[in-house]
Every structure is written in structure tokens, then in C-alpha cells.
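Report on one structure; see the data block that follows.
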Amino acid sequence: MHELGITQDLVDLIVQQAAGRPVVRVRLRVGRLSGLDPEALRFCFGPCSAGTIAASATLEIETVPGQGRCQRCGATFPLEDYVGLCPACGNSHLDISGGDDLVLAALEVEQCA
Ligand SMILES: [Zn+2]
């Protein structure tokens, strides 16, 4: 399960960006083609954030669909898996053009009064 290391890196990034302010909410965008399991990320977030300023943060995970681009005709289209066919021309040589990564979409920190 490589989600553990990824979550650890993510918590480090969150802690760095929050710059000492307690983190209230974290929103992640997980691409369908990232190979990451959102539930595993959620599971790892607790132990990884324990003892940090992100320990009580609410974790929101948004799943985004993959996107493919046809190498022959250049059409872009949603892609559920790494293998697929171009809906425009039927070509099977596709590039992954989106939805294959994990993005820290938003970070909400406690505002100083
Ligand atoms: Zn095509």
C-alpha cells in the first residue's frame, strides 16, 4: 500500500503550507487514473497527521475522472481506465492527459482573531 508514503508526504506539504496555523479542512483531488485509493488515503491520513497541526482537519476527497487524448486525431475524452479506444476514430494509441495525479486542491486554516 503506497498510499501511506504518499499521505505522509502530503501531510508534510500541508503542515508546511499552513505555516503553524491549525488546519481546519483539507480538500484533495484524486484522479481516477492515479492508482490511488481514496479510502486508503483517508485511512492513512489519521495516523500520518497525528501530532501535527493537521490532526483535527476534516479531509475531503474529490475523485476526478481520467482524461485521454488520441494520438491520431487529437480528440480528448473521459477515460475510465488506462486502456481504451478513441470515441472519435477508434484508435487505441492514447495519451493520458489528465486525472492521473493527486492534487492538494484547498487548504483551510484557522484564522487568527
Ligand atoms: Zn482518435
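By convention in this document, the chains of the C-alpha cells carry letters A, B, ... by their order, each chain's residues are numbered from 1, and ligands are numbered from 1 in the order they are shown.
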Skip Pro38 in chain A itself and residues of its chain fewer than 2 positions away, then list as a PyMOL selection string all residues within 12 Å of it, counting only C-alpha atoms.
chain A and resi 3-4+6-7+27-36+40-45+59-64+101-102
Taking only C-alpha atoms and all ligand atoms into account, report as JSON, numbers by chain which residues have an atom no farther than 10 Å from an atom of ligand 1.
{"A": [69, 70, 71, 72, 73, 74, 75, 76, 77, 85, 86, 87, 88, 89, 90, 91, 92, 93, 94]}
Using only C-alpha atoms, can you tell me which of A:Ile96, A:Ala19, A:Ile14, A:Val83 comes closest to Ala55 in chain A?
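That would be A:Ile14, the residue with the smallest distance to Ala55 in chain A.
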Restrict the calculation to only C-alpha atoms, then for each residue of range 8-45 of chain A with any atom at most 6 Å from an atom of range 105-109 of chain A give the closest atom pair and their distance in Å to one decimal, rows by chain and rising residue number, as CSV.
```
residue,atom,partner,partner_atom,distance
A:Pro22,CA,A:Val109,CA,5.7
A:Val23,CA,A:Val109,CA,4.3
A:Val24,CA,A:Val109,CA,5.1
A:Arg25,CA,A:Glu108,CA,4.9
A:Val26,CA,A:Leu107,CA,4.8
A:Arg27,CA,A:Ala106,CA,5.0
A:Leu28,CA,A:Ala105,CA,5.3
```
Got a sec to tell me which of range 36-111 of chain A DSSP assigns to strand (DSSP E or B), as a list of chain:residue names?
A:Thr58, A:Leu59, A:Glu60, A:Ile61, A:Glu62, A:Thr63, A:Val64, A:Gly66, A:Gln67, A:Gly68, A:Arg69, A:Cys70, A:Thr76, A:Phe77, A:Pro78, A:Leu79, A:Leu94, A:Asp95, A:Ile96, A:Ser97, A:Gly98, A:Leu102, A:Val103, A:Leu104, A:Ala105, A:Ala106, A:Leu107, A:Glu108, A:Val109
Just list as an MDAnalysis selection string whatever in chain A DSSP marks as helix (DSSP H, G or I).
chainID A and resid 3:18 32:34 38:49
Selected residues, N, CA and C atoms, written as a PDB file, in the first residue's frame, please.
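Contents of the output file out.pdb:
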```
ATOM      1  N   GLU A   3      -0.042   4.218  -0.486  1.00  0.00           N
ATOM      2  CA  GLU A   3      -0.785   5.392  -0.025  1.00  0.00           C
ATOM      3  C   GLU A   3      -0.190   5.963   1.262  1.00  0.00           C
ATOM      4  N   LEU A   4       0.421   5.094   2.064  1.00  0.00           N
ATOM      5  CA  LEU A   4       0.959   5.554   3.342  1.00  0.00           C
ATOM      6  C   LEU A   4       2.068   6.586   3.134  1.00  0.00           C
ATOM      7  N   GLY A   5       3.014   6.279   2.253  1.00  0.00           N
ATOM      8  CA  GLY A   5       4.111   7.212   1.974  1.00  0.00           C
ATOM      9  C   GLY A   5       3.606   8.486   1.330  1.00  0.00           C
ATOM     10  N   ILE A   6       2.638   8.335   0.454  1.00  0.00           N
ATOM     11  CA  ILE A   6       2.080   9.499  -0.238  1.00  0.00           C
ATOM     12  C   ILE A   6       1.348  10.403   0.746  1.00  0.00           C
ATOM     13  N   THR A   7       0.599   9.773   1.658  1.00  0.00           N
ATOM     14  CA  THR A   7      -0.121  10.561   2.658  1.00  0.00           C
ATOM     15  C   THR A   7       0.868  11.275   3.575  1.00  0.00           C
ATOM     16  N   GLN A   8       1.960  10.603   3.894  1.00  0.00           N
ATOM     17  CA  GLN A   8       2.983  11.218   4.745  1.00  0.00           C
ATOM     18  C   GLN A   8       3.557  12.465   4.068  1.00  0.00           C
ATOM     19  N   ASP A   9       3.859  12.344   2.772  1.00  0.00           N
ATOM     20  CA  ASP A   9       4.376  13.492   2.012  1.00  0.00           C
ATOM     21  C   ASP A   9       3.346  14.619   1.977  1.00  0.00           C
ATOM     22  N   LEU A  10       2.099  14.206   1.821  1.00  0.00           N
ATOM     23  CA  LEU A  10       1.018  15.172   1.739  1.00  0.00           C
ATOM     24  C   LEU A  10       0.864  15.941   3.052  1.00  0.00           C
ATOM     25  N   VAL A  11       0.928  15.210   4.158  1.00  0.00           N
ATOM     26  CA  VAL A  11       0.822  15.853   5.472  1.00  0.00           C
ATOM     27  C   VAL A  11       1.982  16.832   5.661  1.00  0.00           C
ATOM     28  N   ASP A  12       3.184  16.442   5.218  1.00  0.00           N
ATOM     29  CA  ASP A  12       4.337  17.345   5.310  1.00  0.00           C
ATOM     30  C   ASP A  12       4.064  18.634   4.548  1.00  0.00           C
ATOM     31  N   LEU A  13       3.502  18.478   3.348  1.00  0.00           N
ATOM     32  CA  LEU A  13       3.193  19.635   2.497  1.00  0.00           C
ATOM     33  C   LEU A  13       2.138  20.533   3.160  1.00  0.00           C
ATOM     34  N   ILE A  14       1.118  19.895   3.723  1.00  0.00           N
ATOM     35  CA  ILE A  14       0.039  20.634   4.390  1.00  0.00           C
ATOM     36  C   ILE A  14       0.593  21.422   5.578  1.00  0.00           C
ATOM     37  N   VAL A  15       1.402  20.756   6.378  1.00  0.00           N
ATOM     38  CA  VAL A  15       1.980  21.393   7.565  1.00  0.00           C
ATOM     39  C   VAL A  15       2.833  22.591   7.151  1.00  0.00           C
ATOM     40  N   GLN A  16       3.583  22.402   6.067  1.00  0.00           N
ATOM     41  CA  GLN A  16       4.445  23.460   5.556  1.00  0.00           C
ATOM     42  C   GLN A  16       3.612  24.655   5.082  1.00  0.00           C
ATOM     43  N   GLN A  17       2.547  24.363   4.328  1.00  0.00           N
ATOM     44  CA  GLN A  17       1.720  25.439   3.770  1.00  0.00           C
ATOM     45  C   GLN A  17       0.910  26.158   4.833  1.00  0.00           C
ATOM     46  N   ALA A  18       0.511  25.429   5.879  1.00  0.00           N
ATOM     47  CA  ALA A  18      -0.305  26.044   6.925  1.00  0.00           C
ATOM     48  C   ALA A  18       0.532  26.977   7.794  1.00  0.00           C
ATOM     49  N   ARG A  32      -8.818   9.443 -11.110  1.00  0.00           N
ATOM     50  CA  ARG A  32      -9.216   8.042 -11.291  1.00  0.00           C
ATOM     51  C   ARG A  32      -8.061   7.172 -11.755  1.00  0.00           C
ATOM     52  N   LEU A  33      -7.176   7.782 -12.516  1.00  0.00           N
ATOM     53  CA  LEU A  33      -6.077   7.017 -13.095  1.00  0.00           C
ATOM     54  C   LEU A  33      -4.785   7.158 -12.291  1.00  0.00           C
ATOM     55  N   SER A  34      -4.897   7.725 -11.086  1.00  0.00           N
ATOM     56  CA  SER A  34      -3.698   7.928 -10.270  1.00  0.00           C
ATOM     57  C   SER A  34      -3.241   6.619  -9.634  1.00  0.00           C
ATOM     58  N   PRO A  38      -8.889   6.373  -2.749  1.00  0.00           N
ATOM     59  CA  PRO A  38      -9.281   7.463  -1.838  1.00  0.00           C
ATOM     60  C   PRO A  38      -9.544   6.975  -0.421  1.00  0.00           C
ATOM     61  N   GLU A  39     -10.107   5.791  -0.282  1.00  0.00           N
ATOM     62  CA  GLU A  39     -10.379   5.267   1.064  1.00  0.00           C
ATOM     63  C   GLU A  39      -9.087   4.965   1.814  1.00  0.00           C
ATOM     64  N   ALA A  40      -8.085   4.490   1.087  1.00  0.00           N
ATOM     65  CA  ALA A  40      -6.795   4.205   1.715  1.00  0.00           C
ATOM     66  C   ALA A  40      -6.132   5.511   2.148  1.00  0.00           C
ATOM     67  N   LEU A  41      -6.268   6.558   1.333  1.00  0.00           N
ATOM     68  CA  LEU A  41      -5.714   7.868   1.695  1.00  0.00           C
ATOM     69  C   LEU A  41      -6.380   8.369   2.966  1.00  0.00           C
ATOM     70  N   ARG A  42      -7.694   8.202   3.011  1.00  0.00           N
ATOM     71  CA  ARG A  42      -8.451   8.654   4.178  1.00  0.00           C
ATOM     72  C   ARG A  42      -8.000   7.885   5.424  1.00  0.00           C
ATOM     73  N   PHE A  43      -7.806   6.592   5.229  1.00  0.00           N
ATOM     74  CA  PHE A  43      -7.389   5.723   6.325  1.00  0.00           C
ATOM     75  C   PHE A  43      -6.003   6.130   6.844  1.00  0.00           C
ATOM     76  N   CYS A  44      -5.109   6.480   5.935  1.00  0.00           N
ATOM     77  CA  CYS A  44      -3.730   6.814   6.313  1.00  0.00           C
ATOM     78  C   CYS A  44      -3.617   8.216   6.906  1.00  0.00           C
ATOM     79  N   PHE A  45      -4.570   9.079   6.575  1.00  0.00           N
ATOM     80  CA  PHE A  45      -4.461  10.470   6.991  1.00  0.00           C
ATOM     81  C   PHE A  45      -4.450  10.621   8.505  1.00  0.00           C
ATOM     82  N   GLY A  46      -5.272   9.819   9.195  1.00  0.00           N
ATOM     83  CA  GLY A  46      -5.348   9.886  10.657  1.00  0.00           C
ATOM     84  C   GLY A  46      -3.986   9.682  11.313  1.00  0.00           C
ATOM     85  N   PRO A  47      -3.393   8.497  11.139  1.00  0.00           N
ATOM     86  CA  PRO A  47      -2.085   8.239  11.754  1.00  0.00           C
ATOM     87  C   PRO A  47      -0.987   9.168  11.249  1.00  0.00           C
ATOM     88  N   CYS A  48      -1.035   9.561   9.973  1.00  0.00           N
ATOM     89  CA  CYS A  48       0.020  10.422   9.430  1.00  0.00           C
ATOM     90  C   CYS A  48      -0.058  11.846   9.989  1.00  0.00           C
ATOM     91  N   SER A  49      -1.276  12.301  10.273  1.00  0.00           N
ATOM     92  CA  SER A  49      -1.428  13.683  10.725  1.00  0.00           C
ATOM     93  C   SER A  49      -1.420  13.787  12.252  1.00  0.00           C
TER      94      SER A  49
END
```
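Straight-line separation from CA of Gly20 in chain A to CA of Asp37 in chain A: 28.8 Å.
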